[in-house]
Amino acid sequence: MGNPEAFRNKKIIIYGTGYVAHMFHRVLRMHHLQNNIQCCVTTSNPEEKVFFEGIPVYGIHGVCMDEQTVVCLAVHESVKDEIEHTVKKMTSQYVWVYPRLYEWMLGEPLHRNVEISVGRLLEGYRKDLRLAVRLAAIEQHEGKNGYGFRYYINAQMLHCGIDTAGKRLEQFKGLLEDWKQFGYRRQFPVTVNSSYEVIDGDHRMAVAAYLGQESICCDIYPDRLTVQEIHENGAMMSGETLARYGFTKKDLDILEGIQRRYMDIYGTT
């Protein structure tokens, strides 16, 4: 489904209740499709009555579907395969929505597959510590610290559960090892806006910065929404937000030092 209008005459079941589901719900509201939502589902049955954005949440095995029903997998790629395996046993009418969220929010890219300086993109991280959290994890993977994985897991738990955070960490390690062996893959561009702020692709940016890459392939979208408006404050990982989730002043000082170190390497003042 290349356009949200394809959902216009569909009954929508949202698979997931996490951060991606929250963003997909916003997309449906933006396109006035919220009334098409039948329910949200998870793999197991909730133990009690649960709602997500006012929508009832059920176990997927307890919901009815017909030919007009489409199950929208609103989940991160780290758990997509196992969820797709469950859903495809029940219906062929499903779609993974995560890859299209930003296009549905912002419209078609202004430019696709453009090489942009990593240093220029680092300038967009001044207001938060998204990059530093990922760089800390890379440095622990490379034997340079003993805290990076803990920082990464705790930060990811701002918008997902601990199991998903752990899976994302393992996937991140795989990305780093793949990049070290084969270089970066242009078929997976970073998503940026026309102010050169990273909307999606923080993991790829962290690997590029760690490995000293000069530029990275990007799709450039119009500035219809700021990065903060797209992700909202919780996902931006400001020092204030991380402090509310248990990061100490020492932790934040370490993260700020890591981020500053890489910005200095790239001459981002």
# chains A, B, ... in the order shown; residues from 1 in each chain; ligands from 1

$ residues_around --residues "Leu101 in chain A" --least-positions-apart "6" --cutoff "9 Å" --atoms "only C-alpha atoms" --output "PyMOL selection string"
chain A and resi 20+23-24+27

$ closest_atom_pairs --of "range 46-101 of chain A" --to "range 150-164 of chain A" --cutoff "9 Å" --atoms "only C-alpha atoms" --output "tab-separated table"
residue	atom	partner	partner_atom	distance
A:His76	CA	A:Thr164	CA	8.6
A:Ser78	CA	A:Thr164	CA	7.3
A:Val79	CA	A:Thr164	CA	7.1

$ residues_around --residues "Gly59 in chain A" --least-positions-apart "3" --cutoff "7 Å" --atoms "only C-alpha atoms" --output "count of residues only"
7

$ select_by_dssp --residues "range 29-117 of chain A" --states "strand (DSSP E)" --output "number ranges by chain"
A: 37-42, 50-52, 55-59, 69-73, 94-96, 111-117

$ residues_around --residues "Gln34 in chain A" --least-positions-apart "5" --cutoff "12 Å" --atoms "only C-alpha atoms" --output "list in words"
Pro4, Phe7, Arg8, Lys10, Lys11, Ile12, Ile13, Ile14, Phe24, His25, Arg26, Val27, Leu28, Arg29, Cys39, Glu53, Gly54 and Ile55 of chain A

$ write_last_selection --atoms "all heavy atoms" --output "short mmCIF file (atom, residue, chain, number, x, y, z; two decimals), in the first residue's frame"
data_model
loop_
_atom_site.label_atom_id
_atom_site.label_comp_id
_atom_site.auth_asym_id
_atom_site.auth_seq_id
_atom_site.Cartn_x
_atom_site.Cartn_y
_atom_site.Cartn_z
N PRO A 4 -1.66 6.18 2.08
CA PRO A 4 -2.69 5.92 3.11
C PRO A 4 -4.10 5.84 2.55
O PRO A 4 -4.97 5.21 3.16
CB PRO A 4 -2.53 7.13 4.04
CG PRO A 4 -1.13 7.59 3.87
CD PRO A 4 -0.82 7.33 2.42
N PHE A 7 -6.03 2.65 2.46
CA PHE A 7 -6.74 2.14 3.63
C PHE A 7 -8.17 2.67 3.73
O PHE A 7 -8.90 2.29 4.64
CB PHE A 7 -5.99 2.55 4.91
CG PHE A 7 -4.63 1.97 5.06
CD1 PHE A 7 -3.51 2.79 5.03
CD2 PHE A 7 -4.45 0.61 5.23
CE1 PHE A 7 -2.23 2.26 5.18
CE2 PHE A 7 -3.18 0.06 5.38
CZ PHE A 7 -2.07 0.89 5.35
N ARG A 8 -8.57 3.54 2.81
CA ARG A 8 -9.83 4.27 2.95
C ARG A 8 -11.04 3.34 3.12
O ARG A 8 -11.92 3.61 3.94
CB ARG A 8 -10.03 5.18 1.74
CG ARG A 8 -11.26 6.07 1.78
CD ARG A 8 -11.21 7.10 2.88
NE ARG A 8 -10.07 8.01 2.75
CZ ARG A 8 -9.74 8.89 3.69
NH1 ARG A 8 -10.42 8.95 4.82
NH2 ARG A 8 -8.69 9.68 3.50
N LYS A 10 -10.84 0.13 4.04
CA LYS A 10 -10.40 -1.05 4.78
C LYS A 10 -10.74 -0.93 6.27
O LYS A 10 -10.86 0.16 6.82
CB LYS A 10 -8.87 -1.22 4.64
CG LYS A 10 -8.39 -1.49 3.23
CD LYS A 10 -8.81 -2.87 2.75
CE LYS A 10 -8.21 -3.18 1.39
NZ LYS A 10 -8.61 -4.54 0.91
N LYS A 11 -10.86 -2.09 6.90
CA LYS A 11 -10.94 -2.17 8.35
C LYS A 11 -9.51 -2.41 8.84
O LYS A 11 -8.88 -3.39 8.46
CB LYS A 11 -11.83 -3.33 8.78
CG LYS A 11 -13.26 -3.25 8.28
CD LYS A 11 -14.01 -4.53 8.64
CE LYS A 11 -15.41 -4.54 8.04
NZ LYS A 11 -16.10 -5.84 8.33
N ILE A 12 -9.02 -1.50 9.65
CA ILE A 12 -7.61 -1.53 10.04
C ILE A 12 -7.45 -2.15 11.42
O ILE A 12 -8.10 -1.73 12.38
CB ILE A 12 -7.02 -0.11 10.04
CG1 ILE A 12 -7.09 0.50 8.63
CG2 ILE A 12 -5.58 -0.12 10.54
CD1 ILE A 12 -6.73 1.97 8.60
N ILE A 13 -6.58 -3.14 11.51
CA ILE A 13 -6.12 -3.67 12.78
C ILE A 13 -4.65 -3.31 12.92
O ILE A 13 -3.85 -3.62 12.04
CB ILE A 13 -6.31 -5.20 12.87
CG1 ILE A 13 -7.80 -5.55 12.88
CG2 ILE A 13 -5.62 -5.77 14.11
CD1 ILE A 13 -8.08 -7.05 12.88
N ILE A 14 -4.31 -2.61 13.98
CA ILE A 14 -2.93 -2.22 14.22
C ILE A 14 -2.26 -3.28 15.08
O ILE A 14 -2.69 -3.54 16.21
CB ILE A 14 -2.84 -0.85 14.91
CG1 ILE A 14 -3.50 0.24 14.07
CG2 ILE A 14 -1.37 -0.49 15.19
CD1 ILE A 14 -3.53 1.60 14.74
N PHE A 24 2.17 5.48 13.74
CA PHE A 24 1.22 5.08 12.70
C PHE A 24 -0.18 5.60 13.03
O PHE A 24 -0.91 6.05 12.14
CB PHE A 24 1.21 3.56 12.56
CG PHE A 24 0.25 3.06 11.50
CD1 PHE A 24 0.34 3.52 10.19
CD2 PHE A 24 -0.74 2.14 11.82
CE1 PHE A 24 -0.55 3.07 9.21
CE2 PHE A 24 -1.62 1.69 10.85
CZ PHE A 24 -1.52 2.16 9.55
N HIS A 25 -0.53 5.57 14.30
CA HIS A 25 -1.82 6.14 14.70
C HIS A 25 -1.89 7.62 14.35
O HIS A 25 -2.93 8.12 13.89
CB HIS A 25 -2.05 5.91 16.19
CG HIS A 25 -3.38 6.36 16.68
ND1 HIS A 25 -3.56 7.51 17.43
CD2 HIS A 25 -4.62 5.84 16.51
CE1 HIS A 25 -4.84 7.66 17.71
NE2 HIS A 25 -5.50 6.66 17.17
N ARG A 26 -0.79 8.34 14.54
CA ARG A 26 -0.75 9.76 14.17
C ARG A 26 -0.94 9.93 12.67
O ARG A 26 -1.65 10.84 12.22
CB ARG A 26 0.58 10.38 14.60
CG ARG A 26 0.73 10.56 16.10
CD ARG A 26 2.09 11.12 16.44
NE ARG A 26 2.30 12.43 15.83
CZ ARG A 26 3.49 12.96 15.61
NH1 ARG A 26 4.59 12.28 15.88
NH2 ARG A 26 3.60 14.15 15.07
N VAL A 27 -0.31 9.04 11.87
CA VAL A 27 -0.48 9.11 10.41
C VAL A 27 -1.93 8.92 10.04
O VAL A 27 -2.48 9.67 9.20
CB VAL A 27 0.39 8.04 9.73
CG1 VAL A 27 -0.01 7.86 8.27
CG2 VAL A 27 1.87 8.41 9.82
N LEU A 28 -2.59 7.95 10.64
CA LEU A 28 -4.00 7.71 10.32
C LEU A 28 -4.86 8.91 10.69
O LEU A 28 -5.79 9.28 9.94
CB LEU A 28 -4.49 6.45 11.04
CG LEU A 28 -3.85 5.13 10.57
CD1 LEU A 28 -4.34 3.98 11.44
CD2 LEU A 28 -4.16 4.86 9.10
N ARG A 29 -4.57 9.54 11.81
CA ARG A 29 -5.31 10.75 12.19
C ARG A 29 -5.06 11.87 11.18
O ARG A 29 -5.99 12.60 10.81
CB ARG A 29 -4.92 11.21 13.60
CG ARG A 29 -5.35 10.28 14.71
CD ARG A 29 -5.41 10.99 16.06
NE ARG A 29 -4.29 11.88 16.30
CZ ARG A 29 -3.17 11.53 16.91
NH1 ARG A 29 -3.00 10.27 17.31
NH2 ARG A 29 -2.20 12.40 17.11
N CYS A 39 -9.23 -2.20 16.06
CA CYS A 39 -8.61 -2.51 17.34
C CYS A 39 -7.10 -2.56 17.17
O CYS A 39 -6.59 -2.45 16.05
CB CYS A 39 -9.12 -3.85 17.89
SG CYS A 39 -8.68 -5.27 16.85
N GLU A 53 -4.21 4.49 22.93
CA GLU A 53 -4.78 5.68 22.28
C GLU A 53 -6.31 5.59 22.24
O GLU A 53 -6.95 6.02 21.28
CB GLU A 53 -4.23 5.83 20.86
CG GLU A 53 -2.72 5.95 20.76
CD GLU A 53 -2.21 7.32 21.17
OE1 GLU A 53 -3.04 8.20 21.49
OE2 GLU A 53 -0.99 7.53 21.17
N GLY A 54 -6.89 5.03 23.30
CA GLY A 54 -8.34 4.88 23.37
C GLY A 54 -8.89 3.71 22.59
O GLY A 54 -10.12 3.51 22.52
N ILE A 55 -8.02 2.90 21.98
CA ILE A 55 -8.42 1.78 21.14
C ILE A 55 -8.24 0.49 21.94
O ILE A 55 -7.20 0.29 22.57
CB ILE A 55 -7.53 1.71 19.87
CG1 ILE A 55 -7.59 3.03 19.11
CG2 ILE A 55 -7.96 0.56 18.97
CD1 ILE A 55 -6.44 3.20 18.13
#

$ residues_around --residues "His231 in chain A" --least-positions-apart "2" --cutoff "10 Å" --atoms "only C-alpha atoms" --output "list in words"
Tyr19, Val20, His22, Met23, Ile199, Asp200, Leu225, Thr226, Val227, Gln228, Glu229, Asn233, Gly234, Ala235 and Met236 of chain A

$ write_last_selection --atoms "N, CA and C atoms" --output "PDB file, in the first residue's frame"
ATOM      1  N   TYR A  19       6.127   2.399  20.124  1.00  0.00           N
ATOM      2  CA  TYR A  19       6.430   3.686  19.513  1.00  0.00           C
ATOM      3  C   TYR A  19       6.015   3.753  18.044  1.00  0.00           C
ATOM      4  N   VAL A  20       6.281   2.689  17.279  1.00  0.00           N
ATOM      5  CA  VAL A  20       5.905   2.696  15.866  1.00  0.00           C
ATOM      6  C   VAL A  20       4.384   2.738  15.724  1.00  0.00           C
ATOM      7  N   HIS A  22       2.344   4.101  17.800  1.00  0.00           N
ATOM      8  CA  HIS A  22       1.948   5.474  18.138  1.00  0.00           C
ATOM      9  C   HIS A  22       2.109   6.390  16.929  1.00  0.00           C
ATOM     10  N   MET A  23       3.229   6.254  16.223  1.00  0.00           N
ATOM     11  CA  MET A  23       3.450   7.095  15.048  1.00  0.00           C
ATOM     12  C   MET A  23       2.462   6.753  13.935  1.00  0.00           C
ATOM     13  N   ILE A 199      15.907  12.357  10.578  1.00  0.00           N
ATOM     14  CA  ILE A 199      14.584  11.907  11.018  1.00  0.00           C
ATOM     15  C   ILE A 199      14.623  10.431  11.369  1.00  0.00           C
ATOM     16  N   ASP A 200      15.283   9.642  10.531  1.00  0.00           N
ATOM     17  CA  ASP A 200      15.397   8.206  10.761  1.00  0.00           C
ATOM     18  C   ASP A 200      16.742   7.744  10.215  1.00  0.00           C
ATOM     19  N   LEU A 225       7.222  19.097   9.069  1.00  0.00           N
ATOM     20  CA  LEU A 225       7.228  18.956  10.514  1.00  0.00           C
ATOM     21  C   LEU A 225       8.671  18.962  10.976  1.00  0.00           C
ATOM     22  N   THR A 226       8.931  19.525  12.149  1.00  0.00           N
ATOM     23  CA  THR A 226      10.274  19.445  12.705  1.00  0.00           C
ATOM     24  C   THR A 226      10.528  18.023  13.196  1.00  0.00           C
ATOM     25  N   VAL A 227      11.795  17.708  13.433  1.00  0.00           N
ATOM     26  CA  VAL A 227      12.125  16.392  13.964  1.00  0.00           C
ATOM     27  C   VAL A 227      11.427  16.182  15.307  1.00  0.00           C
ATOM     28  N   GLN A 228      11.372  17.231  16.126  1.00  0.00           N
ATOM     29  CA  GLN A 228      10.708  17.123  17.423  1.00  0.00           C
ATOM     30  C   GLN A 228       9.219  16.864  17.258  1.00  0.00           C
ATOM     31  N   GLU A 229       8.591  17.496  16.267  1.00  0.00           N
ATOM     32  CA  GLU A 229       7.167  17.268  16.036  1.00  0.00           C
ATOM     33  C   GLU A 229       6.894  15.853  15.530  1.00  0.00           C
ATOM     34  N   ASN A 233       8.996  14.664  22.148  1.00  0.00           N
ATOM     35  CA  ASN A 233      10.175  14.863  22.982  1.00  0.00           C
ATOM     36  C   ASN A 233      10.756  13.571  23.550  1.00  0.00           C
ATOM     37  N   GLY A 234       9.902  12.586  23.852  1.00  0.00           N
ATOM     38  CA  GLY A 234      10.383  11.377  24.494  1.00  0.00           C
ATOM     39  C   GLY A 234      11.411  10.625  23.693  1.00  0.00           C
ATOM     40  N   ALA A 235      11.305  10.650  22.370  1.00  0.00           N
ATOM     41  CA  ALA A 235      12.233   9.896  21.529  1.00  0.00           C
ATOM     42  C   ALA A 235      13.476  10.685  21.168  1.00  0.00           C
ATOM     43  N   MET A 236      13.525  11.951  21.521  1.00  0.00           N
ATOM     44  CA  MET A 236      14.654  12.777  21.123  1.00  0.00           C
ATOM     45  C   MET A 236      15.850  12.643  22.065  1.00  0.00           C
TER      46      MET A 236
END

$ closest_residue --among "A:Gly18, A:Glu142, A:Gly119, A:Arg185" --to "Tyr98 in chain A" --atoms "only C-alpha atoms"
A:Gly18

$ closest_residue --among "A:Glu214, A:Asp223, A:Asp178, A:Asp128" --to "Leu242 in chain A" --atoms "only C-alpha atoms"
A:Asp128

$ atom_distance --atom1 "CA of Ala74 in chain A" --atom2 "CA of Gly16 in chain A"
5.5 Å

$ closest_residue --among "A:Val75, A:Ile216, A:Glu5, A:His111" --to "Gln187 in chain A" --atoms "only C-alpha atoms"
A:Ile216

$ atom_distance --atom1 "CA of Val95 in chain A" --atom2 "CA of Phe52 in chain A"
19.8 Å

$ residues_around --residues "Gly239 in chain A" --least-positions-apart "5" --cutoff "9 Å" --atoms "only C-alpha atoms" --output "list in words"
Lys127, Asp128, Leu129, Arg244, Phe247, Leu252 and Glu256 of chain A

$ select_by_dssp --residues "range 25-239 of chain A" --states "helix (DSSP H, G or I)" --output "number ranges by chain"
A: 25-30, 34-36, 60-62, 77-87, 98-106, 118-125, 130-141, 148-156, 162-182, 202-210, 227-231, 233-235, 239

$ closest_residue --among "A:Lys167, A:Arg112, A:Lys89, A:Arg134" --to "Asp219 in chain A" --atoms "only C-alpha atoms"
A:Arg112
